[in-house]
There are 2 protein chains.
Amino acid sequence: MKPTITAFAQSPDEGQGLARDMPVRWALEEVGLPYEVRLLSFSALKQPVHLALQPFGQIPTYEEGSLSLFEVGSIVLNIAERNAGLLPADPDARARAISWMFAALTTMDAPVFDYDLALFLDRDQPWYEHRIKSLEEMVRKRLGSLAAHLGNSDWLDGAFSAGDLLMVSVLRRLEGTGLLEEYPNIAAYVARGKSRPAFRRAFDAQLAVAKAAASD
Amino acid sequence: MKPTITAFAQSPDEGQGLARDMPVRWALEEVGLPYEVRLLSFSALKQPVHLALQPFGQIPTYEEGSLSLFEVGSIVLNIAERNAGLLPADPDARARAISWMFAALTTMDAPVFDYDLALFLDRDQPWYEHRIKSLEEMVRKRLGSLAAHLGNSDWLDGAFSAGDLLMVSVLRRLEGTGLLEEYPNIAAYVARGKSRPAFRRAFDAQLAVAKAAASD
């Protein structure tokens with residue numbers, strides 16, 4: 001039986017693949033696991049039937065037989081634990097890859113998400129310039145640390161892992177801001193992630209949903 | 001050989017136990033694993049020897065033989081995987097507990113941390129009133145979802161797990177703001193977590209560091 005994930009029927013990003021179903025789709029494509037998608041309207045997110053799966057009314061969720069999960073990190077980790085290709089076999093290296101998964105979704109995502117949100121929501125506020133500069137500095141601080149760690153390596157720690165999958169997913173939110181280009185090795189790292197066939201398949205799948213929604 | 005974690009030599013919270021070594025100490029106490037602590041000054045966090053362990057220059061880290069980890073979520077998960085007491089044995093329940101770990105450190109921590117930071121850092125900023133109100137609403141939205149899920153249960157999903165350990169750790173950052181008290185079942189949940197003997201031992205251990213620093 002194929003697993004079923006949930007995604008937005010109409011993603012706010014209109015097909016840029018920034019919603020949190022995208023890393024789950026990417027992980028499923030990396031390990032070669034076919035899946036079904038249940039699309040949800042914004043009002044469906046608040047219904048009891050969805051809240052029973054996702055207490056915060058978000059996407060994605062993951063259902064497979066008796067297993068029901070939420071949170072993108074938890075879903076990607078579960079896929080990575082049960083299928084080859086996203087975590088190293090060596091226990092120490094596996095644990096380090098999981099460190100990078102948490103780093104992507106907490107240490108990196110927090111300032112990146114705040115910055116991205118302020119770009120859209122606060123633009124007309126009188127204090128916009130001041131705030132966006134302070135958020136930019138925090139994002140640069142994190143990118144500087146990441147660039148120093150990455151150096152000339154292709155991936156964060158040895159072979160491509162679920163840590164890279166989530167880090168590239170988070171960094172994609174900075175595309176178009178010019179910040180990634182300030183760190184050429186990070187820009188190349190994001191491009192490297194996006195050039196993976198599994199990424200392309202996942203991206204195209206979510207884009208098809210956005211195109212169908214636009215033509216309704 | 002005992003594992004070694006890192007913590008602030010002088011924690012900014014002066015012994016409230018809000019720094020991110022606290023959940024790691026608590027997890028180690030829950031499973032009964034003795035540990036060593038290496039205290040770091042703020043300048044030591046930026047040194048190459050620490051950045052090799054923690055690329056973002058943060059605490060905590062975890063070293064045990066050949067294993068070297070960073071990120072509080074990853075460390076607590078690793079402790080929970082290798083020792084009984086923090087994750088259920090049933091695979092589905094285990095995966096759900098990990099969903100709650102990610103929910104605590106991403107979905108709940110992001111607005112709670114931003115709110116707490118703004119209370120201290122943005123008070124003199126022109127956007128303070130606007131920002132603090134919008135953050136408070138976001139925190140209330142998350143607390144409302146959590147309260148609805150928790151209901152009359154003692155813990156988030158069956159027995160106490162690493163998910164509860166991290167959720168209580170995140171929620172403690174709201175103590176003193178009055179927000180927890182708006183959701184009596186959440187206030188009781190936090191109190192329940194804090195009354196665990198392992199929490200008390202961990203709290204006292206970090207408090208002893210703060211007291212020693214203050215008397216220097």
# chains A, B, ... in the order shown; residues from 1 in each chain; ligands from 1
$ residues_around --residues "Leu18 in chain B" --least-positions-apart "3" --cutoff "7 Å" --atoms "only C-alpha atoms" --output "JSON, numbers by chain"
{"B": [13, 22, 173]}
$ write_last_selection --atoms "N, CA and C atoms" --output "compact mmCIF listing (two decimals), in the first residue's frame"
# COMPACT_ATOMS: atom_id res chain seq x y z
N ASP B 13 20.80 33.26 31.11
CA ASP B 13 19.57 33.24 31.93
C ASP B 13 19.87 33.11 33.42
N MET B 22 20.10 22.24 28.96
CA MET B 22 19.16 21.74 29.97
C MET B 22 18.37 20.52 29.47
N ARG B 173 10.06 28.56 28.49
CA ARG B 173 10.51 29.90 28.10
C ARG B 173 9.38 30.93 28.24
$ select_by_dssp --residues "range 7-175 of chain A" --states "alpha helix (DSSP H)" --output "ChimeraX atom specification"
/A:21-31,48-51,72-82,91-102,109-121,128-150,162-171
$ closest_residue --among "A:Val24, A:Val139, A:Ala9, A:Leu87" --to "Val72 in chain A" --atoms "only C-alpha atoms"
A:Val24
$ residues_around --residues "range 100-102 of chain A" --least-positions-apart "3" --cutoff "8 Å" --atoms "only C-alpha atoms" --output "JSON, numbers by chain"
{"A": [73, 96, 97, 105, 106, 107, 156, 162, 163, 164, 166, 167], "B": [71, 73, 74]}
$ write_last_selection --atoms "all heavy atoms" --output "tab-separated table (two decimals), in the first residue's frame"
chain	number	residue	atom	x	y	z
A	73	GLY	N	10.28	17.08	9.50
A	73	GLY	CA	11.52	16.44	9.96
A	73	GLY	C	11.29	15.00	10.37
A	73	GLY	O	12.07	14.10	10.06
A	96	ARG	N	25.31	11.89	12.97
A	96	ARG	CA	25.71	13.24	12.52
A	96	ARG	C	24.77	13.77	11.44
A	96	ARG	O	24.43	14.95	11.43
A	96	ARG	CB	27.15	13.24	12.00
A	96	ARG	CG	28.21	13.06	13.08
A	96	ARG	CD	29.60	13.48	12.58
A	96	ARG	NE	29.98	12.84	11.35
A	96	ARG	CZ	30.59	11.65	11.25
A	96	ARG	NH1	30.87	10.97	12.35
A	96	ARG	NH2	30.92	11.15	10.08
A	97	ALA	N	24.33	12.89	10.55
A	97	ALA	CA	23.37	13.33	9.51
A	97	ALA	C	22.08	13.81	10.16
A	97	ALA	O	21.46	14.79	9.71
A	97	ALA	CB	23.09	12.19	8.53
A	105	LEU	N	16.34	22.48	10.22
A	105	LEU	CA	14.96	22.84	10.56
A	105	LEU	C	14.83	23.76	11.77
A	105	LEU	O	13.75	24.29	12.03
A	105	LEU	CB	14.12	21.57	10.79
A	105	LEU	CG	13.91	20.69	9.55
A	105	LEU	CD1	13.15	19.43	9.92
A	105	LEU	CD2	13.15	21.47	8.47
A	106	THR	N	15.91	23.91	12.53
A	106	THR	CA	15.84	24.81	13.69
A	106	THR	C	16.82	25.98	13.50
A	106	THR	O	16.41	27.08	13.18
A	106	THR	CB	16.12	24.06	15.01
A	106	THR	OG1	17.44	23.51	15.02
A	106	THR	CG2	15.14	22.92	15.21
A	107	THR	N	18.10	25.71	13.63
A	107	THR	CA	19.11	26.78	13.61
A	107	THR	C	19.10	27.58	12.31
A	107	THR	O	19.26	28.80	12.33
A	107	THR	CB	20.50	26.16	13.85
A	107	THR	OG1	20.46	25.48	15.11
A	107	THR	CG2	21.59	27.21	13.88
A	156	LEU	N	27.21	18.16	3.23
A	156	LEU	CA	27.55	18.60	4.59
A	156	LEU	C	28.47	17.65	5.33
A	156	LEU	O	29.30	18.08	6.14
A	156	LEU	CB	26.27	18.81	5.41
A	156	LEU	CG	25.40	20.00	4.95
A	156	LEU	CD1	24.04	19.95	5.62
A	156	LEU	CD2	26.10	21.32	5.24
A	162	ALA	N	19.77	12.91	4.30
A	162	ALA	CA	18.55	13.63	4.68
A	162	ALA	C	18.88	15.00	5.27
A	162	ALA	O	18.07	15.93	5.19
A	162	ALA	CB	17.74	12.80	5.68
A	163	GLY	N	20.08	15.16	5.85
A	163	GLY	CA	20.52	16.47	6.34
A	163	GLY	C	20.67	17.46	5.20
A	163	GLY	O	20.24	18.61	5.30
A	164	ASP	N	21.29	17.02	4.11
A	164	ASP	CA	21.41	17.88	2.93
A	164	ASP	C	20.04	18.18	2.33
A	164	ASP	O	19.76	19.32	1.93
A	164	ASP	CB	22.29	17.20	1.87
A	164	ASP	CG	23.72	17.05	2.34
A	164	ASP	OD1	24.39	18.07	2.55
A	164	ASP	OD2	24.16	15.89	2.52
A	166	LEU	N	17.17	18.44	3.73
A	166	LEU	CA	16.45	19.46	4.48
A	166	LEU	C	17.16	20.81	4.42
A	166	LEU	O	16.51	21.86	4.34
A	166	LEU	CB	16.24	19.01	5.93
A	166	LEU	CG	15.27	17.83	6.09
A	166	LEU	CD1	15.21	17.37	7.54
A	166	LEU	CD2	13.86	18.19	5.59
A	167	MET	N	18.50	20.81	4.46
A	167	MET	CA	19.23	22.09	4.42
A	167	MET	C	18.99	22.80	3.09
A	167	MET	O	18.71	24.00	3.06
A	167	MET	CB	20.72	21.86	4.65
A	167	MET	CG	21.53	23.14	4.78
A	167	MET	SD	21.08	24.16	6.23
A	167	MET	CE	22.00	23.31	7.53
B	71	GLU	N	23.22	19.97	18.12
B	71	GLU	CA	21.78	20.20	18.05
B	71	GLU	C	21.06	19.42	19.16
B	71	GLU	O	21.10	18.20	19.20
B	71	GLU	CB	21.16	19.83	16.70
B	71	GLU	CG	21.52	20.77	15.58
B	71	GLU	CD	20.88	22.16	15.72
B	71	GLU	OE1	19.94	22.34	16.53
B	71	GLU	OE2	21.35	23.08	15.03
B	73	GLY	N	18.01	18.57	19.61
B	73	GLY	CA	17.07	17.53	19.17
B	73	GLY	C	17.78	16.25	18.80
B	73	GLY	O	17.34	15.14	19.14
B	74	SER	N	18.87	16.40	18.08
B	74	SER	CA	19.64	15.24	17.65
B	74	SER	C	20.27	14.52	18.83
B	74	SER	O	20.31	13.28	18.88
B	74	SER	CB	20.71	15.74	16.67
B	74	SER	OG	21.78	14.85	16.58
$ residues_around --residues "range 88-91 of chain A" --least-positions-apart "4" --cutoff "10 Å" --atoms "only C-alpha atoms" --output "NGL selection string"
(:A and (80-81 or 84 or 95-97 or 157-162)) or (:B and (67))
$ residues_around --residues "Leu171 in chain A" --least-positions-apart "2" --cutoff "10 Å" --atoms "only C-alpha atoms" --output "list in words"
Leu18, Ala104, Met108, Asp109, Val112, Phe113, Leu143, Leu166, Met167, Val168, Ser169, Arg173, Leu174, Glu175, Leu179, Leu180, Ile186, Ala187, Tyr189 and Val190 of chain A
$ residues_around --residues "range 43-57 of chain A" --least-positions-apart "5" --cutoff "8 Å" --atoms "only C-alpha atoms" --output "ChimeraX atom specification"
/A:68-70 /B:142,145-146,148-149
$ residues_around --residues "Lys211 in chain B" --least-positions-apart "4" --cutoff "12 Å" --atoms "only C-alpha atoms" --output "list in words"
Ala9, Gln10, Ser11, Asp13, Glu14, Gly15, Gln16, Asp204, Ala205, Gln206, Leu207, Ser215 and Asp216 of chain B
$ write_last_selection --atoms "C-alpha atoms" --output "PDB file, in the first residue's frame"
ATOM      1  CA  ALA B   9      30.243  28.905  31.607  1.00  0.00           C
ATOM      2  CA  GLN B  10      27.984  31.922  32.232  1.00  0.00           C
ATOM      3  CA  SER B  11      24.454  31.268  31.021  1.00  0.00           C
ATOM      4  CA  ASP B  13      19.571  33.236  31.928  1.00  0.00           C
ATOM      5  CA  GLU B  14      21.582  33.114  35.178  1.00  0.00           C
ATOM      6  CA  GLY B  15      20.405  29.685  36.242  1.00  0.00           C
ATOM      7  CA  GLN B  16      16.796  29.536  35.000  1.00  0.00           C
ATOM      8  CA  ASP B 204      20.004  21.735  40.063  1.00  0.00           C
ATOM      9  CA  ALA B 205      23.132  20.759  38.116  1.00  0.00           C
ATOM     10  CA  GLN B 206      22.873  23.759  35.773  1.00  0.00           C
ATOM     11  CA  LEU B 207      21.942  26.024  38.685  1.00  0.00           C
ATOM     12  CA  SER B 215      30.424  33.936  43.011  1.00  0.00           C
ATOM     13  CA  ASP B 216      33.566  34.168  40.871  1.00  0.00           C
TER      14      ASP B 216
END
$ closest_residue --among "A:Ala93, A:Leu135, A:Ala7, A:Ala19" --to "chain B" --atoms "only C-alpha atoms"
A:Ala93
$ closest_residue --among "B:Pro23, B:Pro3, B:Pro60, B:Pro12" --to "Arg172 in chain B" --atoms "only C-alpha atoms"
B:Pro23
$ atom_distance --atom1 "CA of Leu119 in chain A" --atom2 "CA of Ile132 in chain A"
7.3 Å
$ select_by_dssp --residues "range 25-110 of chain A" --states "strand (DSSP E or B)" --output "ChimeraX atom specification"
/A:36-40,61-64,67-70
$ closest_residue --among "A:Ala103, A:Met1, A:Arg82, A:Lys141" --to "Glu182 in chain A" --atoms "only C-alpha atoms"
A:Lys141
